>>> print(open('work17.cif').read())   # mmCIF, C-alpha atoms (C1' of nucleotides)
data_coords
loop_
_atom_site.group_PDB
_atom_site.id
_atom_site.type_symbol
_atom_site.label_atom_id
_atom_site.label_comp_id
_atom_site.auth_asym_id
_atom_site.auth_seq_id
_atom_site.Cartn_x
_atom_site.Cartn_y
_atom_site.Cartn_z
ATOM 1 C CA MET A 1 2.048 -54.783 6.665
ATOM 2 C CA ILE A 2 -1.418 -55.027 5.162
ATOM 3 C CA ASN A 3 -1.568 -53.821 1.602
ATOM 4 C CA ASP A 4 -3.935 -55.663 -0.704
ATOM 5 C CA GLY A 5 -3.665 -53.186 -3.525
ATOM 6 C CA PHE A 6 -4.755 -50.433 -1.160
ATOM 7 C CA ARG A 7 -2.395 -47.925 0.313
ATOM 8 C CA ASP A 8 -1.081 -48.536 3.781
ATOM 9 C CA SER A 9 -3.243 -46.601 6.244
ATOM 10 C CA SER A 10 -0.229 -45.270 8.171
ATOM 11 C CA GLU A 11 1.036 -43.818 4.908
ATOM 12 C CA ASP A 12 -2.314 -42.107 4.430
ATOM 13 C CA GLU A 13 -1.998 -40.630 7.916
ATOM 14 C CA ARG A 14 1.539 -39.428 7.274
ATOM 15 C CA ARG A 15 0.419 -37.623 4.134
ATOM 16 C CA ALA A 16 -2.627 -36.164 5.863
ATOM 17 C CA GLU A 17 -0.431 -34.835 8.670
ATOM 18 C CA ILE A 18 1.947 -33.175 6.186
ATOM 19 C CA ILE A 19 -1.008 -31.567 4.418
ATOM 20 C CA ALA A 20 -2.438 -30.360 7.741
ATOM 21 C CA ARG A 21 0.882 -28.827 8.763
ATOM 22 C CA LEU A 22 1.235 -27.089 5.415
ATOM 23 C CA ARG A 23 -2.234 -25.629 5.918
ATOM 24 C CA ASP A 24 -1.187 -24.260 9.322
ATOM 25 C CA LEU A 25 2.092 -22.927 7.936
ATOM 26 C CA TYR A 26 0.489 -21.222 4.945
ATOM 27 C CA PRO A 27 -3.155 -20.534 5.782
ATOM 28 C CA GLY A 28 -5.633 -19.079 3.308
ATOM 29 C CA THR A 29 -7.294 -19.761 -0.001
ATOM 30 C CA ALA A 30 -5.545 -20.198 -3.328
ATOM 31 C CA ARG A 31 -6.525 -16.640 -4.164
ATOM 32 C CA GLU A 32 -4.975 -15.374 -0.932
ATOM 33 C CA LEU A 33 -1.828 -17.490 -1.253
ATOM 34 C CA CYS A 34 -1.134 -16.454 -4.838
ATOM 35 C CA GLU A 35 1.589 -13.823 -4.928
ATOM 36 C CA LEU A 36 1.102 -12.671 -8.498
ATOM 37 C CA ASP A 37 -0.523 -9.233 -8.758
ATOM 38 C CA PHE A 38 -3.582 -8.953 -11.008
ATOM 39 C CA SER A 39 -7.090 -7.539 -11.115
ATOM 40 C CA THR A 40 -8.828 -9.753 -13.692
ATOM 41 C CA PRO A 41 -8.606 -13.427 -14.716
ATOM 42 C CA PHE A 42 -7.115 -12.282 -18.010
ATOM 43 C CA GLN A 43 -4.361 -10.430 -16.178
ATOM 44 C CA LEU A 44 -3.660 -13.440 -13.979
ATOM 45 C CA LEU A 45 -3.300 -15.537 -17.112
ATOM 46 C CA ALA A 46 -0.854 -13.024 -18.589
ATOM 47 C CA ALA A 47 1.129 -12.874 -15.331
ATOM 48 C CA THR A 48 1.257 -16.662 -15.154
ATOM 49 C CA ILE A 49 2.586 -16.896 -18.710
ATOM 50 C CA LEU A 50 5.314 -14.469 -17.658
ATOM 51 C CA SER A 51 6.127 -16.509 -14.563
ATOM 52 C CA ALA A 52 7.769 -19.342 -16.503
ATOM 53 C CA GLN A 53 11.350 -19.746 -15.259
ATOM 54 C CA CYS A 54 11.049 -16.473 -13.387
ATOM 55 C CA THR A 55 10.214 -15.369 -9.851
ATOM 56 C CA ASP A 56 6.811 -13.891 -8.966
ATOM 57 C CA LYS A 57 8.572 -10.809 -7.631
ATOM 58 C CA ARG A 58 10.132 -10.156 -11.014
ATOM 59 C CA VAL A 59 6.771 -10.672 -12.760
ATOM 60 C CA ASN A 60 5.150 -8.170 -10.397
ATOM 61 C CA MET A 61 7.792 -5.600 -11.364
ATOM 62 C CA VAL A 62 6.751 -5.643 -15.029
ATOM 63 C CA THR A 63 2.995 -6.266 -14.960
ATOM 64 C CA PRO A 64 1.942 -2.773 -13.759
ATOM 65 C CA LYS A 65 3.444 -1.257 -16.886
ATOM 66 C CA LEU A 66 2.219 -4.104 -19.083
ATOM 67 C CA PHE A 67 -1.365 -3.838 -17.829
ATOM 68 C CA GLU A 68 -1.330 -0.059 -18.023
ATOM 69 C CA SER A 69 -1.144 -0.332 -21.817
ATOM 70 C CA TYR A 70 -2.222 -3.919 -22.488
ATOM 71 C CA GLY A 71 -4.418 -5.002 -19.593
ATOM 72 C CA THR A 72 -7.330 -6.327 -21.663
ATOM 73 C CA PRO A 73 -7.635 -8.881 -24.516
ATOM 74 C CA THR A 74 -8.519 -6.131 -26.985
ATOM 75 C CA LEU A 75 -5.536 -3.952 -26.113
ATOM 76 C CA LEU A 76 -3.038 -6.807 -25.947
ATOM 77 C CA ALA A 77 -4.297 -8.407 -29.175
ATOM 78 C CA SER A 78 -3.280 -5.362 -31.182
ATOM 79 C CA ALA A 79 -0.101 -4.591 -29.246
ATOM 80 C CA ASP A 80 3.239 -3.927 -30.892
ATOM 81 C CA ILE A 81 5.315 -7.009 -30.118
ATOM 82 C CA VAL A 82 8.522 -5.009 -29.766
ATOM 83 C CA ASP A 83 6.873 -2.775 -27.181
ATOM 84 C CA VAL A 84 5.638 -5.812 -25.240
ATOM 85 C CA GLU A 85 9.092 -7.383 -25.448
ATOM 86 C CA GLU A 86 10.700 -4.300 -23.964
ATOM 87 C CA ILE A 87 8.240 -4.191 -21.084
ATOM 88 C CA ILE A 88 8.586 -7.861 -20.155
ATOM 89 C CA LYS A 89 12.242 -8.328 -21.086
ATOM 90 C CA SER A 90 13.538 -8.865 -17.545
ATOM 91 C CA THR A 91 11.286 -11.904 -17.049
ATOM 92 C CA GLY A 92 13.335 -13.891 -19.555
ATOM 93 C CA PHE A 93 12.234 -15.860 -22.648
ATOM 94 C CA TYR A 94 10.850 -12.550 -23.758
ATOM 95 C CA HIS A 95 10.520 -13.269 -27.492
ATOM 96 C CA ASN A 96 8.406 -16.351 -26.788
ATOM 97 C CA LYS A 97 6.450 -14.751 -23.985
ATOM 98 C CA ALA A 98 5.599 -11.609 -25.963
ATOM 99 C CA LYS A 99 4.515 -13.712 -28.931
ATOM 100 C CA ASN A 100 2.471 -15.989 -26.676
ATOM 101 C CA LEU A 101 0.822 -13.099 -24.824
ATOM 102 C CA ILE A 102 -0.377 -11.467 -28.035
ATOM 103 C CA ALA A 103 -1.452 -14.778 -29.595
ATOM 104 C CA MET A 104 -3.251 -15.677 -26.372
ATOM 105 C CA ALA A 105 -5.136 -12.358 -26.390
ATOM 106 C CA ARG A 106 -6.128 -12.917 -30.008
ATOM 107 C CA SER A 107 -7.422 -16.406 -29.328
ATOM 108 C CA VAL A 108 -9.425 -15.037 -26.402
ATOM 109 C CA LEU A 109 -11.002 -12.488 -28.739
ATOM 110 C CA GLU A 110 -11.735 -15.144 -31.348
ATOM 111 C CA GLY A 111 -13.484 -17.092 -28.620
ATOM 112 C CA GLY A 112 -15.766 -14.143 -27.912
ATOM 113 C CA GLY A 113 -13.557 -12.047 -25.624
ATOM 114 C CA GLU A 114 -14.414 -13.965 -22.451
ATOM 115 C CA LEU A 115 -11.673 -16.013 -20.819
ATOM 116 C CA PRO A 116 -12.573 -19.733 -20.755
ATOM 117 C CA ASN A 117 -13.129 -21.084 -17.246
ATOM 118 C CA GLU A 118 -12.384 -24.745 -17.877
ATOM 119 C CA MET A 119 -9.242 -26.759 -18.656
ATOM 120 C CA GLU A 120 -10.149 -27.499 -22.283
ATOM 121 C CA GLY A 121 -10.695 -23.921 -23.317
ATOM 122 C CA LEU A 122 -7.829 -22.484 -21.331
ATOM 123 C CA SER A 123 -5.177 -24.937 -22.463
ATOM 124 C CA SER A 124 -6.218 -24.507 -26.089
ATOM 125 C CA LEU A 125 -5.085 -20.874 -25.883
ATOM 126 C CA ALA A 126 -1.672 -20.099 -27.342
ATOM 127 C CA GLY A 127 1.079 -20.353 -24.761
ATOM 128 C CA VAL A 128 -1.201 -21.864 -22.129
ATOM 129 C CA GLY A 129 -0.293 -25.346 -20.918
ATOM 130 C CA ARG A 130 -1.824 -27.462 -18.203
ATOM 131 C CA LYS A 131 0.113 -25.873 -15.351
ATOM 132 C CA THR A 132 -0.885 -22.329 -16.345
ATOM 133 C CA ALA A 133 -4.492 -23.392 -16.904
ATOM 134 C CA ASN A 134 -4.617 -24.914 -13.421
ATOM 135 C CA VAL A 135 -3.331 -21.667 -11.908
ATOM 136 C CA VAL A 136 -6.127 -19.686 -13.554
ATOM 137 C CA LEU A 137 -8.780 -22.267 -12.654
ATOM 138 C CA SER A 138 -7.848 -22.390 -8.975
ATOM 139 C CA VAL A 139 -6.827 -18.791 -8.323
ATOM 140 C CA ALA A 140 -9.076 -16.720 -10.592
ATOM 141 C CA PHE A 141 -12.117 -18.980 -10.852
ATOM 142 C CA ASP A 142 -11.969 -20.755 -7.487
ATOM 143 C CA LYS A 143 -12.298 -24.087 -9.279
ATOM 144 C CA PRO A 144 -10.474 -27.369 -8.610
ATOM 145 C CA GLY A 145 -7.040 -27.209 -10.189
ATOM 146 C CA LEU A 146 -3.661 -28.368 -8.923
ATOM 147 C CA PRO A 147 -0.759 -26.727 -10.736
ATOM 148 C CA VAL A 148 2.312 -28.967 -10.765
ATOM 149 C CA ASP A 149 5.363 -26.804 -11.248
ATOM 150 C CA THR A 150 9.025 -27.424 -10.492
ATOM 151 C CA HIS A 151 8.487 -26.976 -6.729
ATOM 152 C CA VAL A 152 5.422 -29.207 -6.507
ATOM 153 C CA MET A 153 7.294 -31.813 -8.514
ATOM 154 C CA ARG A 154 10.381 -31.670 -6.275
ATOM 155 C CA LEU A 155 8.503 -31.662 -2.970
ATOM 156 C CA SER A 156 6.149 -34.435 -4.079
ATOM 157 C CA LYS A 157 9.146 -36.675 -4.615
ATOM 158 C CA LEU A 158 11.035 -35.668 -1.469
ATOM 159 C CA LEU A 159 7.942 -36.003 0.722
ATOM 160 C CA GLY A 160 7.152 -39.417 -0.750
ATOM 161 C CA PHE A 161 3.875 -38.350 -2.332
ATOM 162 C CA THR A 162 4.940 -39.898 -5.639
ATOM 163 C CA THR A 163 7.635 -41.907 -7.325
ATOM 164 C CA LEU A 164 6.633 -40.667 -10.777
ATOM 165 C CA SER A 165 8.066 -37.837 -12.885
ATOM 166 C CA ASP A 166 5.186 -37.121 -15.266
ATOM 167 C CA PRO A 167 3.568 -33.887 -13.952
ATOM 168 C CA VAL A 168 0.090 -34.933 -15.141
ATOM 169 C CA LYS A 169 0.313 -38.225 -13.269
ATOM 170 C CA ILE A 170 1.597 -36.420 -10.185
ATOM 171 C CA GLU A 171 -1.329 -34.006 -10.435
ATOM 172 C CA LEU A 172 -3.770 -36.929 -10.477
ATOM 173 C CA GLU A 173 -2.047 -38.542 -7.500
ATOM 174 C CA LEU A 174 -2.143 -35.327 -5.505
ATOM 175 C CA ASN A 175 -5.801 -34.843 -6.460
ATOM 176 C CA GLU A 176 -6.590 -38.002 -4.513
ATOM 177 C CA MET A 177 -5.016 -36.597 -1.351
ATOM 178 C CA VAL A 178 -7.248 -33.547 -0.878
ATOM 179 C CA PRO A 179 -10.863 -32.572 -1.574
ATOM 180 C CA PRO A 180 -11.344 -30.602 -4.817
ATOM 181 C CA ARG A 181 -11.708 -27.231 -3.124
ATOM 182 C CA ASP A 182 -8.280 -27.582 -1.429
ATOM 183 C CA ARG A 183 -6.294 -28.523 -4.518
ATOM 184 C CA GLY A 184 -5.155 -25.084 -5.617
ATOM 185 C CA ALA A 185 -4.154 -24.113 -2.093
ATOM 186 C CA LEU A 186 -2.146 -27.326 -1.641
ATOM 187 C CA SER A 187 -0.168 -26.509 -4.763
ATOM 188 C CA LEU A 188 0.509 -22.945 -3.575
ATOM 189 C CA ARG A 189 1.527 -24.191 -0.126
ATOM 190 C CA MET A 190 4.037 -26.619 -1.604
ATOM 191 C CA ILE A 191 5.371 -23.825 -3.803
ATOM 192 C CA LEU A 192 5.735 -21.421 -0.867
ATOM 193 C CA HIS A 193 7.412 -24.108 1.223
ATOM 194 C CA GLY A 194 9.655 -24.994 -1.701
ATOM 195 C CA ARG A 195 10.778 -21.395 -2.007
ATOM 196 C CA ALA A 196 11.220 -20.589 1.669
ATOM 197 C CA VAL A 197 12.339 -23.864 3.278
ATOM 198 C CA CYS A 198 12.660 -26.864 0.968
ATOM 199 C CA VAL A 199 14.902 -24.875 -1.361
ATOM 200 C CA ALA A 200 16.084 -26.768 -4.436
ATOM 201 C CA ARG A 201 19.801 -26.265 -4.075
ATOM 202 C CA LYS A 202 20.095 -26.213 -0.295
ATOM 203 C CA PRO A 203 17.050 -27.534 1.571
ATOM 204 C CA ARG A 204 16.809 -26.020 5.062
ATOM 205 C CA CYS A 205 15.801 -29.262 6.749
ATOM 206 C CA HIS A 206 16.785 -27.943 10.186
ATOM 207 C CA ALA A 207 14.096 -25.271 9.830
ATOM 208 C CA CYS A 208 11.503 -27.548 8.243
ATOM 209 C CA ALA A 209 8.340 -28.313 10.182
ATOM 210 C CA LEU A 210 7.833 -31.419 8.042
ATOM 211 C CA ALA A 211 11.264 -32.983 8.582
ATOM 212 C CA ASP A 212 10.089 -35.698 10.995
ATOM 213 C CA LEU A 213 7.579 -36.843 8.346
ATOM 214 C CA CYS A 214 9.905 -36.461 5.349
ATOM 215 C CA PRO A 215 11.451 -39.661 3.914
ATOM 216 C CA ALA A 216 14.209 -37.649 2.251
ATOM 217 C CA PHE A 217 15.272 -36.070 5.556
ATOM 218 C CA ILE A 218 14.952 -39.307 7.497
ATOM 219 C CA ALA A 219 17.149 -41.103 4.974
ATOM 220 C CA LEU A 220 19.649 -38.247 5.138
ATOM 221 C CA ALA A 221 19.695 -38.136 8.943
ATOM 222 C CA LYS A 222 20.258 -41.874 9.170
ATOM 223 C CA ASP A 223 24.042 -41.578 9.610
ATOM 224 C "C1'" DA B 1 27.144 -23.122 -11.838
ATOM 225 C "C1'" DT B 2 22.273 -23.596 -10.793
ATOM 226 C "C1'" DC B 3 17.685 -22.308 -10.313
ATOM 227 C "C1'" DC B 4 13.225 -19.507 -11.005
ATOM 228 C "C1'" DC B 5 5.027 -21.103 -10.365
ATOM 229 C "C1'" DG B 6 6.747 -23.690 -18.627
ATOM 230 C "C1'" DA B 7 5.366 -24.355 -23.292
ATOM 231 C "C1'" DG B 8 6.093 -25.669 -27.968
ATOM 232 C "C1'" DG B 9 8.414 -28.185 -31.240
ATOM 233 C "C1'" DG B 10 11.201 -32.108 -33.068
ATOM 234 C "C1'" DC C 1 12.181 -38.553 -24.917
ATOM 235 C "C1'" DC C 2 15.000 -34.381 -26.156
ATOM 236 C "C1'" DC C 3 15.907 -29.401 -27.188
ATOM 237 C "C1'" DT C 4 15.267 -24.298 -27.205
ATOM 238 C "C1'" DC C 5 14.057 -19.963 -25.409
ATOM 239 C "C1'" DT C 6 16.340 -15.797 -21.551
ATOM 240 C "C1'" DG C 7 17.408 -12.441 -17.755
ATOM 241 C "C1'" DG C 8 18.124 -12.085 -12.937
ATOM 242 C "C1'" DA C 9 19.415 -13.815 -8.334
ATOM 243 C "C1'" DT C 10 22.429 -16.501 -5.368
#
>>> encode(input="work17.cif", output="structure tokens")
Amino acid sequence: MINDGFRDSSEDERRAEIIARLRDLYPGTARELCELDFSTPFQLLAATILSAQCTDKRVNMVTPKLFESYGTPTLLASADIVDVEEIIKSTGFYHNKAKNLIAMARSVLEGGGELPNEMEGLSSLAGVGRKTANVVLSVAFDKPGLPVDTHVMRLSKLLGFTTLSDPVKIELELNEMVPPRDRGALSLRMILHGRAVCVARKPRCHACALADLCPAFIALAKD
DNA sequence: ATCCCGAGGG
DNA sequence: CCCTCTGGAT
């Protein structure tokens, strides 16, 4: 097999076919594929902070009430932390999340009240890491950004997109597989597939449209 | 018992 | 690298 430091071309084709099938399975833009409810970039950021170790459905149950009282940087910055904690309690990690939400709103205000629209500014906000920043970039600002969460990490390994475990390195590897404008949607598609089909505990390989291209399934089926 | 669109701190 | 933070769903 020819591989002089370049990737095998059949491997490139396999990956491209997986990406094409994911696009057919979950069509739409990052904005359309995102299942968090929000009406401003600031609200998406707040919802994404809440989504840590929690389902989107659960986040969407608490954000209407949260945004009713604290839907803007100004309102959230001066919120009573106990009140915020009570509203978001069911999303888990609620002490940290309430503290982070209020601190985040205050740092937005200190920065002039406008949410940053690049990685540097976003990830410098309290409680905002690279994954959350990439969600806001791709979904709210329609910019290149490829959030690597637990699903993207798991599927990237199973599908043979990476052998690494560092989410930043995986992000850079995945970046090379799609044009910039498709990065956010690829992440969302892997997340949706990870939730519905390639489930962490019990992958539904029999129902998976990618199984014939999946090294993990092929290895499993080989006996 | 294990997992859910993580981030901060040691 | 590790640990902690947390409730809800399966």
>>> closest_atom_pairs(input="work17.cif", of="chain C", to="chain A", cutoff="7 Å", atoms="only C-alpha atoms (C1' of nucleotides)", output="Markdown table")
| residue | atom | partner | partner_atom | distance |
| --- | --- | --- | --- | --- |
| C:DC5 | C1' | A:Phe93 | CA | 5.3 |
| C:DT6 | C1' | A:Gly92 | CA | 4.1 |
| C:DG7 | C1' | A:Gly92 | CA | 4.7 |
>>> write_last_selection(input="work17.cif", atoms="C-alpha atoms (C1' of nucleotides)", output="PDB file, keeping the file's coordinate frame")
ATOM      1  C1'  DC C   5      14.057 -19.963 -25.409  1.00  0.00           C
ATOM      2  C1'  DT C   6      16.340 -15.797 -21.551  1.00  0.00           C
ATOM      3  C1'  DG C   7      17.408 -12.441 -17.755  1.00  0.00           C
TER       4       DG C   7
END
>>> resolve_selection(input="work17.cif", expression="the PyMOL selection byres ((chain B) within 6 of (chain A))", output="PyMOL selection string")
chain B and resi 4-6
>>> residues_around(input="work17.cif", residues="Gly112 in chain A", least_positions_apart="6", cutoff="12 Å", atoms="only C-alpha atoms (C1' of nucleotides)", output="JSON list (two decimals) with C-alpha atoms, in the coordinates of the input")
[["chain", "number", "residue", "atom", "x", "y", "z"],
["A", 73, "PRO", "CA", -7.64, -8.88, -24.52],
["A", 74, "THR", "CA", -8.52, -6.13, -26.98],
["A", 105, "ALA", "CA", -5.14, -12.36, -26.39],
["A", 106, "ARG", "CA", -6.13, -12.92, -30.01],
["A", 121, "GLY", "CA", -10.70, -23.92, -23.32]]
>>> axis_aligned_box(input="work17.cif", around="chain B", padding_each_side="3 Å", output="lines of an AutoDock Vina configuration file")
center_x = 16.1
center_y = -25.8
center_z = -21.7
size_x = 28.1
size_y = 18.6
size_z = 28.8
>>> atom_distance(input="work17.cif", atom1="CA of Phe217 in chain A", atom2="CA of Leu158 in chain A")
8.2 Å
>>> atom_distance(input="work17.cif", atom1="CA of Leu159 in chain A", atom2="CA of Ala209 in chain A")
12.2 Å
>>> decode(input="work17.cif", residues="range 6-19 of chain A", atoms="N, CA and C atoms", output="PDB file, in the first residue's frame")
ATOM      1  N   PHE A   6       1.869  10.339   3.328  1.00  0.00           N
ATOM      2  CA  PHE A   6       0.526  10.819   3.017  1.00  0.00           C
ATOM      3  C   PHE A   6      -0.471   9.743   3.390  1.00  0.00           C
ATOM      4  N   ARG A   7      -1.703  10.150   3.608  1.00  0.00           N
ATOM      5  CA  ARG A   7      -2.695   9.167   3.978  1.00  0.00           C
ATOM      6  C   ARG A   7      -3.099   8.363   2.753  1.00  0.00           C
ATOM      7  N   ASP A   8      -3.356   7.112   2.997  1.00  0.00           N
ATOM      8  CA  ASP A   8      -3.844   6.201   1.975  1.00  0.00           C
ATOM      9  C   ASP A   8      -5.111   6.780   1.327  1.00  0.00           C
ATOM     10  N   SER A   9      -5.166   6.776   0.010  1.00  0.00           N
ATOM     11  CA  SER A   9      -6.303   7.413  -0.666  1.00  0.00           C
ATOM     12  C   SER A   9      -7.606   6.649  -0.432  1.00  0.00           C
ATOM     13  N   SER A  10      -7.537   5.327  -0.251  1.00  0.00           N
ATOM     14  CA  SER A  10      -8.770   4.585   0.029  1.00  0.00           C
ATOM     15  C   SER A  10      -9.308   4.941   1.409  1.00  0.00           C
ATOM     16  N   GLU A  11      -8.416   5.279   2.312  1.00  0.00           N
ATOM     17  CA  GLU A  11      -8.846   5.731   3.640  1.00  0.00           C
ATOM     18  C   GLU A  11      -9.524   7.084   3.528  1.00  0.00           C
ATOM     19  N   ASP A  12      -8.999   7.956   2.698  1.00  0.00           N
ATOM     20  CA  ASP A  12      -9.658   9.240   2.457  1.00  0.00           C
ATOM     21  C   ASP A  12     -11.068   9.032   1.910  1.00  0.00           C
ATOM     22  N   GLU A  13     -11.202   8.096   0.996  1.00  0.00           N
ATOM     23  CA  GLU A  13     -12.523   7.827   0.400  1.00  0.00           C
ATOM     24  C   GLU A  13     -13.486   7.258   1.430  1.00  0.00           C
ATOM     25  N   ARG A  14     -13.000   6.380   2.268  1.00  0.00           N
ATOM     26  CA  ARG A  14     -13.847   5.801   3.318  1.00  0.00           C
ATOM     27  C   ARG A  14     -14.379   6.908   4.226  1.00  0.00           C
ATOM     28  N   ARG A  15     -13.509   7.791   4.635  1.00  0.00           N
ATOM     29  CA  ARG A  15     -13.931   8.897   5.505  1.00  0.00           C
ATOM     30  C   ARG A  15     -14.906   9.819   4.788  1.00  0.00           C
ATOM     31  N   ALA A  16     -14.625  10.102   3.533  1.00  0.00           N
ATOM     32  CA  ALA A  16     -15.516  10.989   2.765  1.00  0.00           C
ATOM     33  C   ALA A  16     -16.903  10.373   2.624  1.00  0.00           C
ATOM     34  N   GLU A  17     -16.950   9.053   2.445  1.00  0.00           N
ATOM     35  CA  GLU A  17     -18.239   8.373   2.305  1.00  0.00           C
ATOM     36  C   GLU A  17     -19.018   8.415   3.627  1.00  0.00           C
ATOM     37  N   ILE A  18     -18.340   8.241   4.739  1.00  0.00           N
ATOM     38  CA  ILE A  18     -19.002   8.336   6.047  1.00  0.00           C
ATOM     39  C   ILE A  18     -19.574   9.735   6.230  1.00  0.00           C
ATOM     40  N   ILE A  19     -18.776  10.743   5.894  1.00  0.00           N
ATOM     41  CA  ILE A  19     -19.226  12.129   6.047  1.00  0.00           C
ATOM     42  C   ILE A  19     -20.419  12.413   5.143  1.00  0.00           C
TER      43      ILE A  19
END
